[in-house]
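> So here's input_15.cif, just mmCIF, C-alpha atoms:
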data_coords
#
loop_
_atom_site.label_atom_id
_atom_site.label_comp_id
_atom_site.auth_asym_id
_atom_site.auth_seq_id
_atom_site.Cartn_x
_atom_site.Cartn_y
_atom_site.Cartn_z
CA MET A 1 -16.58 19.05 92.44
CA ALA A 2 -12.93 19.06 93.47
CA LYS A 3 -12.11 16.73 90.61
CA LEU A 4 -13.79 19.01 88.07
CA LYS A 5 -11.72 21.97 89.12
CA GLU A 6 -8.55 19.89 89.04
CA ILE A 7 -9.16 18.84 85.46
CA ARG A 8 -9.99 22.37 84.44
CA LEU A 9 -6.69 23.61 85.86
CA ARG A 10 -4.74 20.90 84.10
CA ILE A 11 -6.35 21.72 80.79
CA ALA A 12 -5.46 25.37 81.24
CA SER A 13 -1.84 24.57 82.05
CA ILE A 14 -1.44 22.21 79.10
CA LYS A 15 -2.98 24.80 76.82
CA SER A 16 -0.41 27.36 77.85
CA THR A 17 2.43 24.85 77.36
CA ARG A 18 1.04 24.08 73.94
CA GLN A 19 1.13 27.75 73.10
CA VAL A 20 4.81 27.93 74.02
CA THR A 21 5.78 24.85 72.02
CA SER A 22 3.86 25.91 68.96
CA ALA A 23 5.47 29.37 69.10
CA MET A 24 8.90 27.77 69.38
CA LYS A 25 8.06 25.63 66.40
CA MET A 26 7.29 28.73 64.35
CA VAL A 27 10.49 30.44 65.45
CA SER A 28 12.57 27.40 64.53
CA ALA A 29 10.88 27.17 61.16
CA ALA A 30 11.84 30.77 60.42
CA LYS A 31 15.39 30.25 61.65
CA LEU A 32 15.68 27.06 59.63
CA LYS A 33 14.78 28.97 56.50
CA LYS A 34 17.56 31.45 57.24
CA ALA A 35 20.07 28.69 57.95
CA GLN A 36 19.19 26.91 54.73
CA ASP A 37 19.68 30.15 52.81
CA GLN A 38 23.13 30.43 54.34
CA ILE A 39 24.03 26.95 53.12
CA PHE A 40 22.62 27.74 49.73
CA ARG A 41 24.64 30.94 49.38
CA LEU A 42 27.86 29.17 50.34
CA GLU A 43 27.51 26.53 47.66
CA PRO A 44 29.01 28.33 44.62
CA TYR A 45 32.02 29.52 46.62
CA HIS A 46 32.56 26.10 48.16
CA ASN A 47 32.35 24.26 44.85
CA LYS A 48 34.76 26.62 43.13
CA LEU A 49 37.34 26.54 45.90
CA HIS A 50 37.03 22.77 45.94
CA GLU A 51 37.77 22.70 42.23
CA ILE A 52 40.78 24.98 42.57
CA VAL A 53 42.22 22.96 45.45
CA GLY A 54 41.77 19.84 43.36
CA ASN A 55 43.37 21.42 40.30
CA ILE A 56 46.41 22.55 42.19
CA LYS A 57 46.87 19.24 43.91
CA LEU A 58 46.71 17.55 40.52
CA ALA A 59 49.32 19.88 39.08
CA ASP A 60 51.54 19.73 42.14
CA THR A 61 52.02 16.07 42.98
CA ASP A 62 54.85 16.27 45.53
CA HIS A 63 52.95 18.34 48.06
CA GLN A 64 55.13 19.13 50.99
CA ASN A 65 52.62 21.49 52.51
CA PRO A 66 52.52 21.00 56.29
CA PHE A 67 48.72 20.75 56.24
CA LEU A 68 48.93 17.66 54.05
CA VAL A 69 51.64 15.78 55.91
CA GLN A 70 50.55 12.79 57.96
CA ARG A 71 52.52 12.58 61.17
CA GLU A 72 52.64 9.94 63.85
CA ILE A 73 49.57 10.53 66.00
CA LYS A 74 50.45 11.25 69.61
CA LYS A 75 47.62 13.55 70.59
CA VAL A 76 44.16 13.87 69.14
CA LEU A 77 41.72 16.76 69.36
CA VAL A 78 38.04 16.14 68.74
CA VAL A 79 35.91 19.22 68.08
CA ALA A 80 32.26 18.61 68.95
CA VAL A 81 29.76 21.02 67.42
CA GLY A 82 26.32 21.29 69.01
CA SER A 83 23.96 23.96 70.27
CA ASN A 84 23.78 26.23 73.30
CA ARG A 85 20.04 25.90 73.64
CA GLY A 86 18.17 22.76 74.50
CA LEU A 87 14.70 21.46 73.63
CA CYS A 88 15.90 19.97 70.39
CA GLY A 89 15.53 16.26 71.02
CA GLY A 90 18.67 14.16 70.85
CA PHE A 91 20.64 16.76 68.93
CA ASN A 92 23.43 17.28 71.47
CA THR A 93 23.34 13.84 73.09
CA ASN A 94 23.89 12.24 69.71
CA VAL A 95 27.00 14.33 69.13
CA VAL A 96 28.45 13.30 72.49
CA LYS A 97 27.58 9.65 71.95
CA LYS A 98 29.13 9.57 68.50
CA ALA A 99 32.24 11.49 69.63
CA LEU A 100 32.87 9.08 72.50
CA TRP A 101 32.18 6.06 70.33
CA HIS A 102 34.61 7.45 67.75
CA VAL A 103 37.49 7.85 70.19
CA TYR A 104 36.84 4.46 71.79
CA SER A 105 36.95 2.69 68.47
CA SER A 106 39.62 4.71 66.64
CA TYR A 107 42.10 5.69 69.34
CA PRO A 108 41.80 3.15 72.19
CA GLU A 109 45.53 3.32 73.00
CA LEU A 110 45.70 7.10 73.06
CA LEU A 111 42.55 7.24 75.14
CA LYS A 112 44.08 4.93 77.75
CA ASN A 113 47.06 7.25 78.07
CA GLY A 114 44.83 10.32 78.27
CA ASN A 115 45.94 11.77 74.95
CA VAL A 116 42.51 12.39 73.48
CA PHE A 117 41.09 15.86 74.05
CA PHE A 118 37.78 17.47 73.25
CA LEU A 119 36.91 21.00 72.25
CA PRO A 120 33.16 21.55 72.60
CA ILE A 121 31.38 24.27 70.63
CA SER A 122 28.19 23.99 72.68
CA LYS A 123 27.28 24.47 76.31
CA LEU A 124 25.22 21.32 76.41
CA VAL A 125 27.82 19.15 74.74
CA GLU A 126 30.46 20.51 77.10
CA LYS A 127 28.36 19.67 80.16
CA ASP A 128 27.68 16.17 78.92
CA LEU A 129 31.33 15.51 78.02
CA LEU A 130 32.54 16.68 81.43
CA LEU A 131 29.91 14.52 83.10
CA LYS A 132 31.24 11.51 81.22
CA GLY A 133 34.78 12.30 82.33
CA ALA A 134 36.24 13.40 79.01
CA HIS A 135 39.22 15.77 78.90
CA THR A 136 38.32 19.11 77.40
CA ILE A 137 40.56 22.03 76.52
CA GLY A 138 38.31 24.98 77.28
CA ASN A 139 35.34 25.63 75.07
CA GLU A 140 34.23 27.79 72.17
CA ASN A 141 30.60 27.99 73.18
CA ASP A 142 30.16 31.64 72.22
CA ILE A 143 30.48 30.74 68.56
CA ALA A 144 27.40 28.55 68.74
CA TYR A 145 25.08 31.51 69.34
CA TYR A 146 25.41 33.03 65.89
CA PHE A 147 27.90 31.01 63.83
CA ASN A 148 29.36 34.22 62.50
CA TYR A 149 31.91 33.82 59.68
CA ASP A 150 34.62 35.97 61.30
CA ASP A 151 34.45 34.10 64.62
CA ILE A 152 34.68 30.79 62.83
CA VAL A 153 37.71 31.95 60.85
CA GLU A 154 39.37 32.91 64.11
CA LEU A 155 38.71 29.48 65.58
CA SER A 156 39.88 27.79 62.42
CA ASN A 157 43.17 29.70 62.54
CA LYS A 158 43.55 28.67 66.16
CA LEU A 159 43.05 25.01 65.27
CA ASN A 160 45.51 25.34 62.40
CA SER A 161 48.20 26.74 64.64
CA LEU A 162 47.59 23.97 67.20
CA PHE A 163 48.20 21.50 64.42
CA LEU A 164 51.18 23.25 62.86
CA SER A 165 52.92 23.67 66.22
CA ASN A 166 52.68 19.89 66.54
CA GLN A 167 50.55 19.98 69.69
CA TYR A 168 48.01 17.75 68.02
CA GLN A 169 48.75 15.46 65.13
CA ARG A 170 45.15 14.94 64.23
CA ILE A 171 41.96 16.99 64.56
CA ASP A 172 38.52 15.50 63.96
CA ILE A 173 35.15 17.22 63.97
CA VAL A 174 31.87 15.67 65.08
CA TYR A 175 28.69 17.45 64.05
CA ASN A 176 25.08 17.04 62.95
CA LYS A 177 24.70 17.19 59.22
CA PHE A 178 21.51 18.67 57.86
CA LYS A 179 19.95 16.13 55.52
CA ASN A 180 16.41 17.42 55.27
CA THR A 181 13.87 18.99 57.57
CA ALA A 182 12.99 15.71 59.23
CA ASN A 183 16.43 14.17 59.30
CA GLN A 184 19.84 14.96 60.76
CA GLU A 185 22.76 12.62 60.93
CA VAL A 186 25.87 12.81 63.07
CA TYR A 187 29.02 12.87 60.97
CA ILE A 188 32.70 12.58 61.83
CA GLU A 189 35.10 14.42 59.57
CA GLN A 190 38.85 14.52 59.56
CA TYR A 191 39.78 18.18 59.71
CA LEU A 192 43.56 18.00 59.87
CA PRO A 193 45.77 16.77 58.33
CA LEU A 194 43.88 17.37 55.11
CA SER A 195 43.01 13.96 53.80
CA GLY A 196 42.92 13.10 50.16
CA GLU A 197 39.20 12.55 50.55
CA SER A 198 38.13 16.05 51.51
CA THR A 199 40.00 17.55 48.58
CA ASP A 200 39.32 14.70 46.22
CA ASN A 201 38.43 15.89 42.78
CA SER A 202 37.42 12.77 40.94
CA GLY A 203 34.62 14.78 39.39
CA TYR A 204 36.99 17.23 37.76
CA SER A 205 39.83 16.87 35.35
CA LEU A 206 42.64 19.28 34.73
CA SER A 207 40.98 20.85 31.74
CA SER A 208 43.73 23.21 30.75
CA ASP A 209 47.29 24.10 31.57
CA PHE A 210 46.91 26.83 34.09
CA ILE A 211 49.34 29.64 34.66
CA PHE A 212 49.94 29.74 38.39
CA GLU A 213 50.61 33.19 39.72
CA PRO A 214 52.94 33.58 41.59
CA SER A 215 53.63 29.82 41.95
CA LYS A 216 51.88 26.59 42.82
CA GLU A 217 53.52 26.41 46.23
CA THR A 218 52.55 29.97 47.16
CA ILE A 219 49.00 29.41 46.03
CA LEU A 220 48.76 26.21 48.01
CA THR A 221 50.13 27.94 51.10
CA SER A 222 47.46 30.61 51.03
CA LEU A 223 44.75 28.34 49.64
CA LEU A 224 44.80 25.60 52.26
CA PRO A 225 44.14 27.80 55.32
CA GLN A 226 41.23 29.34 53.43
CA TRP A 227 39.97 25.92 52.50
CA LEU A 228 40.12 24.89 56.16
CA ASN A 229 38.30 28.05 57.24
CA LEU A 230 35.63 27.22 54.75
CA GLN A 231 35.34 23.62 55.94
CA LEU A 232 34.74 24.74 59.50
CA TYR A 233 32.25 27.36 58.36
CA ARG A 234 30.38 24.80 56.28
CA ILE A 235 30.26 22.37 59.20
CA CYS A 236 28.99 25.06 61.57
CA ILE A 237 26.19 26.30 59.36
CA ASP A 238 25.22 22.73 58.57
CA SER A 239 25.01 22.03 62.28
CA ASN A 240 23.00 25.21 62.77
CA ALA A 241 20.44 24.16 60.17
CA ALA A 242 20.30 20.70 61.72
CA GLU A 243 19.72 22.23 65.15
CA GLN A 244 16.79 24.30 63.93
CA SER A 245 15.21 21.36 62.15
CA ALA A 246 15.71 19.12 65.20
CA ARG A 247 14.04 21.71 67.39
CA MET A 248 11.21 22.19 64.94
CA LEU A 249 10.61 18.46 64.88
CA SER A 250 10.61 18.02 68.64
CA MET A 251 8.36 21.06 69.10
CA THR A 252 5.93 19.69 66.52
CA THR A 253 5.78 16.43 68.45
CA ALA A 254 5.31 18.30 71.72
CA THR A 255 2.47 20.36 70.26
CA ASP A 256 0.78 17.23 68.91
CA ASN A 257 1.12 15.53 72.28
CA ALA A 258 -0.40 18.54 74.02
CA ASP A 259 -3.33 18.49 71.59
CA GLU A 260 -3.94 14.84 72.36
CA LEU A 261 -3.74 15.39 76.11
CA ILE A 262 -6.16 18.30 75.92
CA LYS A 263 -8.58 16.18 73.92
CA ASP A 264 -8.48 13.33 76.46
CA LEU A 265 -8.78 15.66 79.43
CA GLN A 266 -11.69 17.50 77.83
CA ILE A 267 -13.60 14.24 77.46
CA MET A 268 -12.76 13.34 81.04
CA TYR A 269 -13.94 16.78 82.14
CA ASN A 270 -17.22 16.48 80.24
CA ASN A 271 -17.86 13.05 81.73
CA ALA A 272 -17.19 14.25 85.24
CA ARG A 273 -19.40 17.29 84.72
CA GLN A 274 -22.24 15.15 83.39
CA ALA A 275 -21.87 12.74 86.31
CA CYS A 276 -22.05 15.68 88.70
CA ILE A 277 -25.27 16.97 87.13
CA THR A 278 -26.89 13.55 87.05
CA ASN A 279 -25.99 13.09 90.66
CA GLU A 280 -27.61 16.38 91.64
CA ILE A 281 -30.81 15.61 89.73
CA VAL A 282 -31.01 12.19 91.36
CA GLU A 283 -30.62 13.81 94.75
CA ILE A 284 -33.35 16.40 94.08
CA SER A 285 -35.82 13.96 92.59
CA SER A 286 -35.29 11.39 95.33
CA GLY A 287 -35.75 14.17 97.89
CA ALA A 288 -39.04 15.18 96.23
CA GLU A 289 -40.09 11.52 96.11
CA ALA A 290 -39.40 11.18 99.85
CA LEU A 291 -41.52 14.28 100.67
CA LYS A 292 -44.45 12.93 98.66
CA GLY A 293 -44.31 9.53 100.35
CA MET B 1 33.86 37.47 29.27
CA GLN B 2 31.70 36.24 32.11
CA LEU B 3 32.76 37.48 35.55
CA GLU B 4 31.64 36.36 38.98
CA ILE B 5 32.77 37.77 42.29
CA ILE B 6 31.68 35.59 45.20
CA THR B 7 32.26 35.38 48.94
CA PRO B 8 31.15 32.63 51.33
CA GLN B 9 28.15 34.75 52.27
CA LYS B 10 26.96 36.15 48.97
CA SER B 11 27.56 36.80 45.32
CA LEU B 12 28.55 40.39 44.58
CA PHE B 13 28.82 40.49 40.83
CA SER B 14 27.72 38.20 38.06
CA ASP B 15 27.75 39.72 34.61
CA GLU B 16 29.65 40.30 31.39
CA ALA B 17 32.86 42.29 31.78
CA LYS B 18 35.39 43.78 29.42
CA LEU B 19 38.24 44.34 31.78
CA ILE B 20 39.15 43.27 35.30
CA GLN B 21 41.98 44.75 37.28
CA LEU B 22 43.08 42.68 40.26
CA PRO B 23 45.46 43.13 43.20
CA GLY B 24 47.85 40.19 42.69
CA GLU B 25 50.53 39.03 45.11
CA ARG B 26 53.14 40.80 43.02
CA GLY B 27 51.14 43.86 42.10
CA LEU B 28 48.15 44.86 40.01
CA PHE B 29 47.34 42.93 36.88
CA GLU B 30 44.54 42.89 34.39
CA ILE B 31 42.49 40.20 32.73
CA LEU B 32 40.95 40.90 29.34
CA ASP B 33 38.88 38.75 27.00
CA ASN B 34 40.42 35.42 25.99
CA HIS B 35 43.02 35.41 28.68
CA ALA B 36 45.04 32.21 29.05
CA PRO B 37 43.89 29.93 31.88
CA ILE B 38 45.25 31.26 35.14
CA ILE B 39 44.91 30.73 38.87
CA ALA B 40 46.29 33.55 40.99
CA VAL B 41 46.44 34.63 44.61
CA LEU B 42 45.01 38.03 45.45
CA LYS B 43 46.00 40.21 48.35
CA GLU B 44 44.12 43.01 50.09
CA GLY B 45 43.15 45.69 47.61
CA THR B 46 40.66 46.97 45.10
CA ILE B 47 39.19 45.16 42.12
CA LYS B 48 38.24 47.35 39.18
CA VAL B 49 35.72 45.99 36.74
CA GLN B 50 34.60 47.50 33.46
CA ASP B 51 31.32 45.97 32.35
CA SER B 52 30.18 45.50 28.76
CA LYS B 53 28.56 48.96 28.72
CA GLY B 54 31.78 50.59 29.87
CA ASN B 55 30.63 51.36 33.41
CA LEU B 56 33.17 50.97 36.16
CA HIS B 57 32.60 48.95 39.34
CA PHE B 58 34.92 48.76 42.32
CA PHE B 59 35.20 46.12 45.03
CA GLU B 60 37.36 46.03 48.11
CA ILE B 61 38.61 42.58 49.08
CA THR B 62 40.74 41.26 51.93
CA GLN B 63 42.25 38.22 50.28
CA GLY B 64 41.24 35.74 47.72
CA PHE B 65 41.83 33.87 44.50
CA VAL B 66 41.00 34.28 40.87
CA GLU B 67 40.49 31.55 38.35
CA CYS B 68 40.07 32.24 34.67
CA LYS B 69 39.43 29.65 32.01
CA GLN B 70 37.50 29.58 28.76
CA ASN B 71 36.51 33.21 29.09
CA LYS B 72 34.94 32.64 32.47
CA THR B 73 36.53 34.43 35.40
CA ILE B 74 35.67 33.73 38.99
CA VAL B 75 36.97 35.79 41.88
CA LEU B 76 36.77 34.10 45.26
CA ALA B 77 37.20 36.56 48.09
CA SER B 78 36.97 35.68 51.75
CA LYS B 79 35.53 39.15 52.32
CA ALA B 80 34.45 41.77 49.83
CA ILE B 81 32.35 44.90 49.62
CA ARG B 82 31.31 47.08 46.75
CA SER B 83 32.89 50.52 47.02
CA SER B 84 31.96 53.66 45.16
CA VAL B 85 35.37 55.01 44.16
#
When written as structure tokens, how does the structure in this file appear?

Amino acid sequence: MAKLKEIRLRIASIKSTRQVTSAMKMVSAAKLKKAQDQIFRLEPYHNKLHEIVGNIKLADTDHQNPFLVQREIKKVLVVAVGSNRGLCGGFNTNVVKKALWHVYSSYPELLKNGNVFFLPISKLVEKDLLLKGAHTIGNENDIAYYFNYDDIVELSNKLNSLFLSNQYQRIDIVYNKFKNTANQEVYIEQYLPLSGESTDNSGYSLSSDFIFEPSKETILTSLLPQWLNLQLYRICIDSNAAEQSARMLSMTTATDNADELIKDLQIMYNNARQACITNEIVEISSGAEALKG
Amino acid sequence: MQLEIITPQKSLFSDEAKLIQLPGERGLFEILDNHAPIIAVLKEGTIKVQDSKGNLHFFEITQGFVECKQNKTIVLASKAIRSSV
């Protein structure tokens, strides 16, 4: 009898866990939809700004803009974007793994001298990095709750000034890129100095002779910070969508597992119950048999 | 000409327009039909748009850029809202 009750309790507890995971799955699905919308709405703006940056760089070949200048790398900052909430599979661990792998393979010398620093945008990534003994310069975890445009612009300006004041000669960003609902991939992007790649415009050609108002240099000076703001924003909302899809996936798996467990336990419970009944009948009938004899 | 006003978060205007007045770095300027290709920096200010029916629309922007080529004008603003005046 004790065993029966035990199984019943376990079934009840797994059922309530299942309810939580399936609710979280629904919530993530709704949030994912919102995050995807955000990416979708950014697209026209991003493409156009990309085109303009490309056009101006084509027209102005001797760019002396400080954002474009490659300097000797003495200190590196790696920004790691993740999430503040867990239960999303390997989402944050993958970021940490990739970030550490990146600095080991790309900047072994600087790492030895302690000149590689991390800036986590995620509570969980920060914890993991500190555990692994990485140097961090504070954190920007609050941003990861909402990925609000204004907050991201503020952070982007902060990064820009760190670069311009020559405190860091290179800034990289590690983040999860949203591929599709079932798939995220960790990417490393060079944030500063602006590489040719990120503003590459092989797809476009300088279609007409533009009038530049007031001048190419002035446009470039106000364009590049905006472009950087946009890059960071794009990365953050991409990571946000990836987070939601990672959580949805792991919650789907958890719900499926719970279903399976419940099924197995139910069979076990039924067997035990049947055994109990059979046992009782055997006892009664053998008792009756004994009385007769 | 075709006009689009977009921000990173949404598109505010996408329609035919007759006249666009913009707050340039060096003061207000206007773009009419068949303007020469131009890329310009915009500062904080108001954009005035006259659509093909002659109605006026106003938008407040913080900073941005405008690109015009082949009768297609695109205003990129980092922040913008539609205002009534």
> Which residues would end up in the selection if the PyMOL selection byres ((chain A) within 12 of (chain B)) were applied here, given that I need the answer as a compact mmCIF listing (two decimals) with C-alpha atoms, in the frame of the given file?

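expr-v7.txt written:
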# COMPACT_ATOMS: atom_id res chain seq x y z
CA ALA A 35 20.07 28.69 57.95
CA ASP A 37 19.68 30.15 52.81
CA GLN A 38 23.13 30.43 54.34
CA ILE A 39 24.03 26.95 53.12
CA PHE A 40 22.62 27.74 49.73
CA ARG A 41 24.64 30.94 49.38
CA LEU A 42 27.86 29.17 50.34
CA GLU A 43 27.51 26.53 47.66
CA PRO A 44 29.01 28.33 44.62
CA TYR A 45 32.02 29.52 46.62
CA HIS A 46 32.56 26.10 48.16
CA ASN A 47 32.35 24.26 44.85
CA LYS A 48 34.76 26.62 43.13
CA LEU A 49 37.34 26.54 45.90
CA HIS A 50 37.03 22.77 45.94
CA GLU A 51 37.77 22.70 42.23
CA ILE A 52 40.78 24.98 42.57
CA VAL A 53 42.22 22.96 45.45
CA ASN A 55 43.37 21.42 40.30
CA ILE A 56 46.41 22.55 42.19
CA ALA A 59 49.32 19.88 39.08
CA ASN A 148 29.36 34.22 62.50
CA TYR A 149 31.91 33.82 59.68
CA ASP A 150 34.62 35.97 61.30
CA VAL A 153 37.71 31.95 60.85
CA LEU A 206 42.64 19.28 34.73
CA SER A 207 40.98 20.85 31.74
CA SER A 208 43.73 23.21 30.75
CA ASP A 209 47.29 24.10 31.57
CA PHE A 210 46.91 26.83 34.09
CA ILE A 211 49.34 29.64 34.66
CA PHE A 212 49.94 29.74 38.39
CA GLU A 213 50.61 33.19 39.72
CA PRO A 214 52.94 33.58 41.59
CA SER A 215 53.63 29.82 41.95
CA LYS A 216 51.88 26.59 42.82
CA GLU A 217 53.52 26.41 46.23
CA THR A 218 52.55 29.97 47.16
CA ILE A 219 49.00 29.41 46.03
CA LEU A 220 48.76 26.21 48.01
CA THR A 221 50.13 27.94 51.10
CA SER A 222 47.46 30.61 51.03
CA LEU A 223 44.75 28.34 49.64
CA LEU A 224 44.80 25.60 52.26
CA PRO A 225 44.14 27.80 55.32
CA GLN A 226 41.23 29.34 53.43
CA TRP A 227 39.97 25.92 52.50
CA ASN A 229 38.30 28.05 57.24
CA LEU A 230 35.63 27.22 54.75
CA GLN A 231 35.34 23.62 55.94
CA LEU A 232 34.74 24.74 59.50
CA TYR A 233 32.25 27.36 58.36
CA ARG A 234 30.38 24.80 56.28
CA ILE A 237 26.19 26.30 59.36
> Between CA of Lys97 in chain A and CA of Glu72 in chain A, what is the spacing in Å?
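Between CA of Glu72 in chain A and CA of Lys97 in chain A the gap works out to 26.3 Å.
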> Give me, as a VMD selection string, all polymer residues having an atom no more than 8 Å from Lys179 in chain A, counting all atoms listed in the file and skipping those fewer than 5 positions away in the same chain.
chain A and resid 184 to 185 242
> Can you list, as a PyMOL selection string, every protein, DNA or RNA residue that comes within 10 Å of Val174 in chain A when you count only C-alpha atoms, leaving out same-chain residues fewer than 4 positions away?
chain A and resi 78-82+94-96+98-100+102+120+186-191+235+239
> Let me know the residues the PyMOL selection byres ((chain A and resi 252) around 10) catches in the file above, as a ChimeraX atom specification.
/A:18,21-22,24-26,246-251,253-258
> Which is closest to Ser156 in chain A among A:Cys88, A:Ile137, A:Cys236, A:Leu58, if we use all atoms listed in the file?
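Checking each of A:Cys88, A:Ile137, A:Cys236, A:Leu58 against Ser156 in chain A, counting all atoms listed in the file, the winner is A:Cys236.
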> For the structure shown, which residues end up in the PyMOL selection byres ((chain B and resi 18-23) around 8)? Put them as a list in words, please?
Met1, Glu16, Ala17, Gly24, Glu25, Gly27, Leu28, Phe29, Glu30, Ile31, Leu32, Asp33, Leu42, Lys43, Glu44, Gly45, Thr46, Ile47, Lys48, Val49, Gln50, Asp51, Ser52 and Gly54 of chain B
> Next, write the just-selected residues to a file, as a PDB file, in the coordinates of the input, keeping C-alpha atoms as the atom set.

ATOM      1  CA  MET B   1      33.860  37.470  29.270  1.00  0.00           C
ATOM      2  CA  GLU B  16      29.650  40.300  31.390  1.00  0.00           C
ATOM      3  CA  ALA B  17      32.860  42.290  31.780  1.00  0.00           C
ATOM      4  CA  GLY B  24      47.850  40.190  42.690  1.00  0.00           C
ATOM      5  CA  GLU B  25      50.530  39.030  45.110  1.00  0.00           C
ATOM      6  CA  GLY B  27      51.140  43.860  42.100  1.00  0.00           C
ATOM      7  CA  LEU B  28      48.150  44.860  40.010  1.00  0.00           C
ATOM      8  CA  PHE B  29      47.340  42.930  36.880  1.00  0.00           C
ATOM      9  CA  GLU B  30      44.540  42.890  34.390  1.00  0.00           C
ATOM     10  CA  ILE B  31      42.490  40.200  32.730  1.00  0.00           C
ATOM     11  CA  LEU B  32      40.950  40.900  29.340  1.00  0.00           C
ATOM     12  CA  ASP B  33      38.880  38.750  27.000  1.00  0.00           C
ATOM     13  CA  LEU B  42      45.010  38.030  45.450  1.00  0.00           C
ATOM     14  CA  LYS B  43      46.000  40.210  48.350  1.00  0.00           C
ATOM     15  CA  GLU B  44      44.120  43.010  50.090  1.00  0.00           C
ATOM     16  CA  GLY B  45      43.150  45.690  47.610  1.00  0.00           C
ATOM     17  CA  THR B  46      40.660  46.970  45.100  1.00  0.00           C
ATOM     18  CA  ILE B  47      39.190  45.160  42.120  1.00  0.00           C
ATOM     19  CA  LYS B  48      38.240  47.350  39.180  1.00  0.00           C
ATOM     20  CA  VAL B  49      35.720  45.990  36.740  1.00  0.00           C
ATOM     21  CA  GLN B  50      34.600  47.500  33.460  1.00  0.00           C
ATOM     22  CA  ASP B  51      31.320  45.970  32.350  1.00  0.00           C
ATOM     23  CA  SER B  52      30.180  45.500  28.760  1.00  0.00           C
ATOM     24  CA  GLY B  54      31.780  50.590  29.870  1.00  0.00           C
TER      25      GLY B  54
END
> Just to confirm, what's the straight-line distance from CA of Leu68 in chain A to CA of Gln169 in chain A in Å (one decimal)?
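Rounded to one decimal, the two atoms are 11.3 Å apart.
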> Counting only C-alpha atoms, select every polymer residue within 6 Å of (37.1, 43.0, 51.5) as defined in the file's coordinates, and provide the selection as a tab-separated table (two decimals) with C-alpha atoms, in the coordinates of the input.

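The file below, part-v9.tsv, is the result:
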chain	number	residue	atom	x	y	z
B	60	GLU	CA	37.36	46.03	48.11
B	61	ILE	CA	38.61	42.58	49.08
B	62	THR	CA	40.74	41.26	51.93
B	79	LYS	CA	35.53	39.15	52.32
B	80	ALA	CA	34.45	41.77	49.83
B	81	ILE	CA	32.35	44.90	49.62
> Give me, please, the distance in Å between CA of Asp142 in chain A and CA of Lys123 in chain A, quoted to one decimal.
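About the pair CA of Asp142 in chain A and CA of Lys123 in chain A: they are 8.7 Å apart.
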> List the spatial neighbours of His135 in chain A as a short mmCIF file (atom, residue, chain, number, x, y, z; two decimals) with C-alpha atoms, in the coordinates of the input - criterion: any atom at most 10 Å away, all atoms listed in the file, same-chain residues fewer than 2 positions off excluded.

data_model
loop_
_atom_site.label_atom_id
_atom_site.label_comp_id
_atom_site.auth_asym_id
_atom_site.auth_seq_id
_atom_site.Cartn_x
_atom_site.Cartn_y
_atom_site.Cartn_z
CA LEU A 77 41.72 16.76 69.36
CA LEU A 111 42.55 7.24 75.14
CA GLY A 114 44.83 10.32 78.27
CA ASN A 115 45.94 11.77 74.95
CA VAL A 116 42.51 12.39 73.48
CA PHE A 117 41.09 15.86 74.05
CA PHE A 118 37.78 17.47 73.25
CA LEU A 119 36.91 21.00 72.25
CA LEU A 129 31.33 15.51 78.02
CA LEU A 130 32.54 16.68 81.43
CA LYS A 132 31.24 11.51 81.22
CA GLY A 133 34.78 12.30 82.33
CA ILE A 137 40.56 22.03 76.52
CA GLY A 138 38.31 24.98 77.28
#
> Name all residues at most 8 Å from Ser83 in chain B (count all atoms listed in the file; drop same-chain ones fewer than 3 positions away) and give them as a count of residues only.
4
> Just the residues within 8 Å of Leu124 in chain A, please, counting only C-alpha atoms, with nothing from its chain fewer than 3 positions along; format it as a PyMOL selection string.
chain A and resi 82-86+92+127-128
> Could range 38-54 of chain B be written out with C-alpha atoms, as a CSV table (one decimal), in the first residue's frame, please?

chain,number,residue,atom,x,y,z
B,38,ILE,CA,21.6,63.8,-52.2
B,39,ILE,CA,22.6,62.4,-48.8
B,40,ALA,CA,22.3,64.8,-45.9
B,41,VAL,CA,22.6,64.9,-42.2
B,42,LEU,CA,19.6,66.0,-40.2
B,43,LYS,CA,19.6,67.6,-36.8
B,44,GLU,CA,16.9,67.8,-34.2
B,45,GLY,CA,13.8,69.5,-35.6
B,46,THR,CA,10.6,69.2,-37.4
B,47,ILE,CA,10.0,67.5,-40.8
B,48,LYS,CA,7.1,69.0,-42.8
B,49,VAL,CA,5.6,66.8,-45.5
B,50,GLN,CA,3.0,67.8,-48.0
B,51,ASP,CA,1.3,64.7,-49.5
B,52,SER,CA,-0.1,64.3,-53.0
B,53,LYS,CA,-3.5,65.5,-51.8
B,54,GLY,CA,-2.0,68.7,-50.3
